[in-house]
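Dropping coords_0.pdb in here (PDB, C-alpha atoms, pLDDT in the B column):
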ATOM      1  CA  MET A 142      74.741 -85.966  68.746  1.00 70.00           C
ATOM      2  CA  SER A 143      71.378 -85.638  67.087  1.00 81.00           C
ATOM      3  CA  HIS A 144      70.965 -85.256  63.352  1.00 86.00           C
ATOM      4  CA  PRO A 145      71.130 -81.626  62.114  1.00 89.00           C
ATOM      5  CA  LEU A 146      67.715 -81.984  60.460  1.00 93.00           C
ATOM      6  CA  ARG A 147      66.047 -83.499  63.519  1.00 94.00           C
ATOM      7  CA  SER A 148      64.038 -80.347  64.224  1.00 95.00           C
ATOM      8  CA  LYS A 149      62.777 -80.367  60.651  1.00 95.00           C
ATOM      9  CA  VAL A 150      61.566 -83.953  61.119  1.00 96.00           C
ATOM     10  CA  GLU A 151      59.799 -82.993  64.349  1.00 96.00           C
ATOM     11  CA  GLU A 152      58.186 -80.022  62.637  1.00 96.00           C
ATOM     12  CA  THR A 153      57.068 -82.142  59.677  1.00 95.00           C
ATOM     13  CA  VAL A 154      55.455 -84.896  61.741  1.00 96.00           C
ATOM     14  CA  LYS A 155      53.442 -82.338  63.699  1.00 96.00           C
ATOM     15  CA  ALA A 156      52.317 -80.332  60.664  1.00 95.00           C
ATOM     16  CA  ASN A 157      49.321 -82.625  60.041  1.00 95.00           C
ATOM     17  CA  PRO A 158      47.299 -85.079  62.182  1.00 95.00           C
ATOM     18  CA  VAL A 159      48.495 -87.861  59.879  1.00 97.00           C
ATOM     19  CA  VAL A 160      51.842 -87.760  58.126  1.00 98.00           C
ATOM     20  CA  ILE A 161      53.317 -90.415  55.884  1.00 98.00           C
ATOM     21  CA  PHE A 162      56.895 -90.597  54.665  1.00 98.00           C
ATOM     22  CA  MET A 163      56.614 -92.614  51.483  1.00 97.00           C
ATOM     23  CA  LYS A 164      58.001 -93.295  48.038  1.00 97.00           C
ATOM     24  CA  GLY A 165      56.073 -91.072  45.644  1.00 97.00           C
ATOM     25  CA  THR A 166      52.910 -89.175  46.569  1.00 96.00           C
ATOM     26  CA  PRO A 167      49.527 -90.374  47.901  1.00 96.00           C
ATOM     27  CA  ASP A 168      48.036 -90.022  44.405  1.00 95.00           C
ATOM     28  CA  PHE A 169      51.096 -91.381  42.613  1.00 96.00           C
ATOM     29  CA  PRO A 170      52.815 -93.834  44.934  1.00 97.00           C
ATOM     30  CA  GLN A 171      55.987 -95.397  43.628  1.00 97.00           C
ATOM     31  CA  CYS A 172      56.104 -98.473  45.803  1.00 96.00           C
ATOM     32  CA  GLY A 173      53.528-101.116  46.666  1.00 97.00           C
ATOM     33  CA  PHE A 174      53.979-100.774  50.428  1.00 96.00           C
ATOM     34  CA  SER A 175      53.580 -97.002  50.300  1.00 97.00           C
ATOM     35  CA  SER A 176      50.505 -97.396  48.128  1.00 97.00           C
ATOM     36  CA  ARG A 177      48.919 -99.904  50.502  1.00 97.00           C
ATOM     37  CA  ALA A 178      49.638 -97.734  53.540  1.00 98.00           C
ATOM     38  CA  VAL A 179      47.889 -94.755  51.904  1.00 98.00           C
ATOM     39  CA  GLN A 180      44.875 -96.916  51.032  1.00 97.00           C
ATOM     40  CA  VAL A 181      44.651 -98.221  54.587  1.00 98.00           C
ATOM     41  CA  LEU A 182      44.920 -94.726  56.097  1.00 98.00           C
ATOM     42  CA  ARG A 183      42.181 -93.416  53.812  1.00 97.00           C
ATOM     43  CA  ALA A 184      39.968 -96.419  54.539  1.00 97.00           C
ATOM     44  CA  ALA A 185      40.472 -95.769  58.257  1.00 97.00           C
ATOM     45  CA  GLY A 186      39.179 -92.227  57.826  1.00 94.00           C
ATOM     46  CA  ALA A 187      42.361 -90.180  57.675  1.00 94.00           C
ATOM     47  CA  GLU A 188      41.383 -86.845  56.186  1.00 85.00           C
ATOM     48  CA  LYS A 189      44.274 -84.441  56.150  1.00 85.00           C
ATOM     49  CA  LEU A 190      47.118 -86.626  55.019  1.00 94.00           C
ATOM     50  CA  GLY A 191      50.474 -84.916  55.013  1.00 96.00           C
ATOM     51  CA  SER A 192      53.070 -86.668  52.923  1.00 96.00           C
ATOM     52  CA  VAL A 193      56.761 -86.486  52.236  1.00 96.00           C
ATOM     53  CA  ASP A 194      58.318 -88.139  49.211  1.00 96.00           C
ATOM     54  CA  VAL A 195      61.553 -89.641  50.500  1.00 96.00           C
ATOM     55  CA  LEU A 196      62.742 -90.175  46.921  1.00 95.00           C
ATOM     56  CA  SER A 197      62.981 -86.429  46.459  1.00 94.00           C
ATOM     57  CA  ASP A 198      64.442 -85.530  49.858  1.00 89.00           C
ATOM     58  CA  ASP A 199      67.410 -87.700  50.770  1.00 87.00           C
ATOM     59  CA  PRO A 200      68.697 -85.614  53.690  1.00 92.00           C
ATOM     60  CA  LEU A 201      65.283 -85.590  55.362  1.00 94.00           C
ATOM     61  CA  TRP A 202      64.990 -89.368  54.916  1.00 94.00           C
ATOM     62  CA  GLU A 203      68.342 -89.827  56.635  1.00 94.00           C
ATOM     63  CA  ALA A 204      67.221 -87.595  59.477  1.00 95.00           C
ATOM     64  CA  LEU A 205      63.968 -89.549  59.766  1.00 96.00           C
ATOM     65  CA  GLU A 206      65.782 -92.865  59.904  1.00 95.00           C
ATOM     66  CA  ASP A 207      67.926 -91.475  62.681  1.00 94.00           C
ATOM     67  CA  TYR A 208      64.857 -90.149  64.525  1.00 96.00           C
ATOM     68  CA  THR A 209      62.726 -93.309  64.426  1.00 96.00           C
ATOM     69  CA  GLN A 210      65.488 -95.919  64.198  1.00 93.00           C
ATOM     70  CA  TRP A 211      63.215 -97.686  61.717  1.00 93.00           C
ATOM     71  CA  PRO A 212      64.892 -98.800  58.504  1.00 88.00           C
ATOM     72  CA  THR A 213      62.041 -99.064  56.001  1.00 93.00           C
ATOM     73  CA  VAL A 214      59.611 -96.877  54.057  1.00 96.00           C
ATOM     74  CA  PRO A 215      56.763 -96.012  54.488  1.00 97.00           C
ATOM     75  CA  GLN A 216      56.658 -94.563  57.994  1.00 98.00           C
ATOM     76  CA  ILE A 217      53.420 -93.232  59.438  1.00 98.00           C
ATOM     77  CA  PHE A 218      52.896 -90.676  62.191  1.00 98.00           C
ATOM     78  CA  ILE A 219      49.586 -89.941  63.904  1.00 97.00           C
ATOM     79  CA  ASN A 220      49.302 -86.835  66.074  1.00 95.00           C
ATOM     80  CA  GLY A 221      53.070 -86.503  65.972  1.00 96.00           C
ATOM     81  CA  GLN A 222      53.655 -90.037  67.236  1.00 96.00           C
ATOM     82  CA  PHE A 223      55.456 -92.694  65.198  1.00 97.00           C
ATOM     83  CA  VAL A 224      53.020 -95.554  64.629  1.00 98.00           C
ATOM     84  CA  GLY A 225      54.881 -97.852  62.265  1.00 97.00           C
ATOM     85  CA  GLY A 226      55.129 -98.977  58.665  1.00 97.00           C
ATOM     86  CA  CYS A 227      52.813-100.659  56.204  1.00 96.00           C
ATOM     87  CA  ASP A 228      52.456-103.986  58.057  1.00 94.00           C
ATOM     88  CA  ILE A 229      51.687-102.337  61.365  1.00 97.00           C
ATOM     89  CA  VAL A 230      49.059 -99.880  60.102  1.00 97.00           C
ATOM     90  CA  THR A 231      47.425-102.682  58.113  1.00 97.00           C
ATOM     91  CA  GLU A 232      47.274-104.905  61.188  1.00 96.00           C
ATOM     92  CA  MET A 233      46.004-102.029  63.343  1.00 96.00           C
ATOM     93  CA  PHE A 234      43.328-101.321  60.733  1.00 97.00           C
ATOM     94  CA  GLU A 235      42.180-104.944  60.785  1.00 94.00           C
ATOM     95  CA  ARG A 236      41.864-104.795  64.564  1.00 93.00           C
ATOM     96  CA  GLY A 237      40.027-101.457  64.470  1.00 93.00           C
ATOM     97  CA  GLU A 238      42.816 -99.764  66.433  1.00 94.00           C
ATOM     98  CA  LEU A 239      43.804 -97.413  63.622  1.00 96.00           C
ATOM     99  CA  GLN A 240      40.250 -96.110  63.268  1.00 96.00           C
ATOM    100  CA  GLU A 241      40.148 -95.490  67.036  1.00 94.00           C
ATOM    101  CA  MET A 242      43.435 -93.658  66.963  1.00 94.00           C
ATOM    102  CA  LEU A 243      42.308 -91.419  64.108  1.00 94.00           C
ATOM    103  CA  LYS A 244      39.170 -90.350  65.983  1.00 90.00           C
ATOM    104  CA  LYS A 245      41.232 -88.695  68.704  1.00 78.00           C
TER
ATOM    105  CA  MET B  79      67.580-121.086  61.540  1.00 90.00           C
ATOM    106  CA  SER B  80      65.057-123.882  61.924  1.00 93.00           C
ATOM    107  CA  PRO B  81      61.459-123.000  62.745  1.00 94.00           C
ATOM    108  CA  ASP B  82      61.772-124.780  66.100  1.00 95.00           C
ATOM    109  CA  THR B  83      64.908-122.831  67.023  1.00 95.00           C
ATOM    110  CA  LEU B  84      63.278-119.545  66.083  1.00 96.00           C
ATOM    111  CA  LYS B  85      60.190-120.427  68.084  1.00 97.00           C
ATOM    112  CA  SER B  86      62.311-121.219  71.166  1.00 97.00           C
ATOM    113  CA  ARG B  87      64.319-118.008  70.729  1.00 96.00           C
ATOM    114  CA  ILE B  88      61.169-115.883  70.547  1.00 97.00           C
ATOM    115  CA  GLU B  89      59.674-117.613  73.558  1.00 98.00           C
ATOM    116  CA  THR B  90      62.617-116.440  75.686  1.00 97.00           C
ATOM    117  CA  LEU B  91      61.185-112.913  75.380  1.00 97.00           C
ATOM    118  CA  ALA B  92      59.323-113.266  78.669  1.00 97.00           C
ATOM    119  CA  PRO B  93      57.721-116.015  80.735  1.00 98.00           C
ATOM    120  CA  GLY B  94      54.393-117.016  79.231  1.00 97.00           C
ATOM    121  CA  THR B  95      55.306-116.054  75.665  1.00 98.00           C
ATOM    122  CA  THR B  96      54.037-118.351  72.932  1.00 98.00           C
ATOM    123  CA  ALA B  97      54.989-118.167  69.281  1.00 98.00           C
ATOM    124  CA  GLU B  98      53.765-119.800  66.133  1.00 97.00           C
ATOM    125  CA  VAL B  99      56.324-119.808  63.352  1.00 96.00           C
ATOM    126  CA  MET B 100      55.785-120.444  59.661  1.00 95.00           C
ATOM    127  CA  ASP B 101      58.607-120.901  57.182  1.00 93.00           C
ATOM    128  CA  LEU B 102      57.248-118.996  54.176  1.00 91.00           C
ATOM    129  CA  THR B 103      59.721-120.091  51.535  1.00 91.00           C
ATOM    130  CA  GLY B 104      61.070-123.422  52.787  1.00 91.00           C
ATOM    131  CA  THR B 105      64.527-121.844  53.052  1.00 92.00           C
ATOM    132  CA  GLN B 106      64.439-121.322  56.861  1.00 92.00           C
ATOM    133  CA  ASP B 107      65.106-117.586  56.622  1.00 89.00           C
ATOM    134  CA  HIS B 108      61.745-116.029  55.668  1.00 92.00           C
ATOM    135  CA  TYR B 109      59.355-116.328  58.540  1.00 94.00           C
ATOM    136  CA  GLN B 110      55.873-115.322  59.466  1.00 95.00           C
ATOM    137  CA  THR B 111      55.102-115.391  63.156  1.00 96.00           C
ATOM    138  CA  ILE B 112      52.258-114.942  65.589  1.00 97.00           C
ATOM    139  CA  ILE B 113      53.451-114.011  69.057  1.00 98.00           C
ATOM    140  CA  VAL B 114      51.397-113.714  72.233  1.00 98.00           C
ATOM    141  CA  SER B 115      53.242-112.359  75.253  1.00 98.00           C
ATOM    142  CA  PRO B 116      52.411-110.806  78.615  1.00 98.00           C
ATOM    143  CA  ALA B 117      55.400-108.520  77.948  1.00 98.00           C
ATOM    144  CA  PHE B 118      53.320-106.790  75.227  1.00 98.00           C
ATOM    145  CA  GLU B 119      50.680-105.617  77.697  1.00 98.00           C
ATOM    146  CA  GLY B 120      49.963-101.892  77.349  1.00 96.00           C
ATOM    147  CA  LYS B 121      52.531-101.402  74.602  1.00 97.00           C
ATOM    148  CA  MET B 122      51.945 -99.876  71.179  1.00 96.00           C
ATOM    149  CA  MET B 123      52.281-102.331  68.310  1.00 97.00           C
ATOM    150  CA  ILE B 124      55.461-100.632  67.125  1.00 97.00           C
ATOM    151  CA  GLU B 125      57.012-101.226  70.560  1.00 97.00           C
ATOM    152  CA  GLN B 126      55.919-104.860  70.536  1.00 98.00           C
ATOM    153  CA  HIS B 127      57.626-105.322  67.182  1.00 96.00           C
ATOM    154  CA  ARG B 128      60.752-103.524  68.344  1.00 96.00           C
ATOM    155  CA  MET B 129      61.009-105.851  71.362  1.00 97.00           C
ATOM    156  CA  VAL B 130      61.075-108.895  69.091  1.00 97.00           C
ATOM    157  CA  MET B 131      63.509-107.280  66.667  1.00 95.00           C
ATOM    158  CA  ARG B 132      65.855-106.381  69.526  1.00 95.00           C
ATOM    159  CA  LEU B 133      65.698-109.960  70.796  1.00 97.00           C
ATOM    160  CA  LEU B 134      66.659-111.279  67.344  1.00 95.00           C
ATOM    161  CA  GLN B 135      69.076-108.474  66.428  1.00 94.00           C
ATOM    162  CA  VAL B 136      72.063-110.785  65.941  1.00 94.00           C
ATOM    163  CA  GLU B 137      70.156-113.256  63.768  1.00 93.00           C
ATOM    164  CA  ILE B 138      68.639-110.431  61.700  1.00 91.00           C
ATOM    165  CA  ASP B 139      71.983-108.663  61.234  1.00 91.00           C
ATOM    166  CA  SER B 140      73.714-111.897  60.204  1.00 93.00           C
ATOM    167  CA  GLY B 141      70.978-112.688  57.691  1.00 90.00           C
ATOM    168  CA  GLU B 142      70.150-115.933  59.453  1.00 92.00           C
ATOM    169  CA  VAL B 143      66.677-114.457  59.686  1.00 92.00           C
ATOM    170  CA  HIS B 144      66.296-112.537  56.455  1.00 91.00           C
ATOM    171  CA  ALA B 145      62.637-111.615  56.606  1.00 90.00           C
ATOM    172  CA  LEU B 146      60.343-111.659  59.577  1.00 93.00           C
ATOM    173  CA  THR B 147      56.740-110.613  59.595  1.00 93.00           C
ATOM    174  CA  MET B 148      54.923-110.716  62.877  1.00 95.00           C
ATOM    175  CA  ARG B 149      51.532-110.327  64.416  1.00 96.00           C
ATOM    176  CA  THR B 150      51.906-109.485  68.071  1.00 98.00           C
ATOM    177  CA  PHE B 151      49.303-109.685  70.826  1.00 98.00           C
ATOM    178  CA  SER B 152      49.159-109.285  74.558  1.00 97.00           C
ATOM    179  CA  PRO B 153      47.041-112.099  76.094  1.00 97.00           C
ATOM    180  CA  ASP B 154      44.090-109.667  76.356  1.00 95.00           C
ATOM    181  CA  GLN B 155      44.483-108.475  72.785  1.00 94.00           C
ATOM    182  CA  TYR B 156      44.576-112.076  71.646  1.00 95.00           C
ATOM    183  CA  LYS B 157      41.382-112.950  73.528  1.00 93.00           C
ATOM    184  CA  LYS B 158      39.667-109.958  71.962  1.00 90.00           C
ATOM    185  CA  PHE B 159      41.002-110.916  68.543  1.00 88.00           C
ATOM    186  CA  MET B 160      39.672-114.442  68.935  1.00 88.00           C
ATOM    187  CA  GLY B 161      36.310-112.987  69.851  1.00 85.00           C
ATOM    188  CA  ASN B 162      35.761-113.779  73.492  1.00 59.00           C
TER
END

Please lay out the structure from this file as structure tokens.
Amino acid sequence: MSHPLRSKVEETVKANPVVIFMKGTPDFPQCGFSSRAVQVLRAAGAEKLGSVDVLSDDPLWEALEDYTQWPTVPQIFINGQFVGGCDIVTEMFERGELQEMLKK
Amino acid sequence: MSPDTLKSRIETLAPGTTAEVMDLTGTQDHYQTIIVSPAFEGKMMIEQHRMVMRLLQVEIDSGEVHALTMRTFSPDQYKKFMGN
């Protein structure tokens, strides 16, 4: 059975071209990994950055974890597709793949 | 888990897989890895990582591998990365 908030997760990840589930907010991150992920996304040219603070929405975080089967924060979505966490977006940025993905 | 054991485990992912394994803390449970595998061809990075995590699920769950960072490449991605 899928999580009762699954449709809310799906709605949230499609609300902006780039969406990050993080600890804190893009301007006031509350975790080093979340902070780095935001910096990388901005450096890669992400303009409209939607964000969800998982610290203030426990039920949605649980639904997200169920949806992606990925245990850590942050989690980044581009065009509704789950891309990964901090390590992955950083690596993709270094290879130029993140920039490419954000152009589409 | 020793670095050599981890390397061999990762290389069972698919024929032609090669892994470089670094013990980050000297405690044989925090590892950094570079993995090149034909099985990664055409896959998103997140999928490549998931494949390795699935392969090592038991060792990760037991804590034998406590932390694992990885850089994954298909052979083509690796060639491009190395600049030729």

#### Entry: Residue members of the PyMOL selection byres ((chain A and resi 164-172) around 7) in the file shown, as a VMD selection string
chain A and resid 163 173 to 176 179 192 194 to 196

### Message
I'd like the residues picked by the PyMOL selection byres ((chain B and resi 84-101) around 7) written out as an MDAnalysis selection string, using the chain letters and numbers from the file.
### Response
chainID B and resid 79:83 102:104 106 108:117

Applied to the shown file, which residues does the ChimeraX specification (/A :<9) & /B return, written as a compact mmCIF listing (two decimals) with C-alpha atoms, in the frame of the given file?
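Writing the result to result-v4.txt gives the following:
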# COMPACT_ATOMS: atom_id res chain seq x y z
CA MET B 122 51.94 -99.88 71.18
CA MET B 123 52.28 -102.33 68.31
CA ILE B 124 55.46 -100.63 67.12
CA HIS B 127 57.63 -105.32 67.18
CA THR B 147 56.74 -110.61 59.60
CA MET B 148 54.92 -110.72 62.88
CA ARG B 149 51.53 -110.33 64.42
CA PHE B 159 41.00 -110.92 68.54

### Message
Report, in Å to a single decimal, how far apart CA of Leu201 (chain A) and CA of Val154 (chain A) are.
### Response
11.7 Å

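Nearest to Gly191 (chain A) of all the residues A:Leu243, A:Cys227, A:Val214, A:Ile161 is A:Ile161, counting only C-alpha atoms.
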
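Distances here use only C-alpha atoms; by that measure, the residue among A:Lys245, A:Thr153, A:Val181, A:Gly237 closest to Gln155 (chain B) is A:Gly237.
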
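One finds CA of Thr150 (chain B) at 6.6 Å from CA of Gln126 (chain B).
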
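One finds CA of Gln222 (chain A) at 15.2 Å from CA of Gln240 (chain A).
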
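Of the residues under consideration (A:Arg177, A:Ser143, A:Gly221, A:Glu241), A:Gly221 shows the shortest atom-to-atom contact distance to Lys155 (chain A) when counting only C-alpha atoms.
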
### Query
A:Leu205, A:Ile217, A:Leu190, A:Ser197: which is nearest Asn157 (chain A), counting only C-alpha atoms?
A:Leu190

### Task
Rank nothing, just name the residue among A:Val150, A:Met142, A:Val160, A:Ile219 nearest to Glu203 (chain A), using all atoms listed in the file.
A:Val150

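Checking B:Met131, B:Tyr156, B:Gly120, B:Gly161 one by one against Val143 (chain B), counting only C-alpha atoms, you find the shortest gap at B:Met131.
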
Selection near Ala204 (chain A), 8 Å with all atoms listed in the file, sequence-local residues under 6 positions removed, as a PDB file with C-alpha atoms, keeping the file's coordinate frame:
ATOM      1  CA  HIS A 144      70.965 -85.256  63.352  1.00 86.00           C
ATOM      2  CA  PRO A 145      71.130 -81.626  62.114  1.00 89.00           C
ATOM      3  CA  LEU A 146      67.715 -81.984  60.460  1.00 93.00           C
ATOM      4  CA  ARG A 147      66.047 -83.499  63.519  1.00 94.00           C
ATOM      5  CA  VAL A 150      61.566 -83.953  61.119  1.00 96.00           C
TER       6      VAL A 150
END
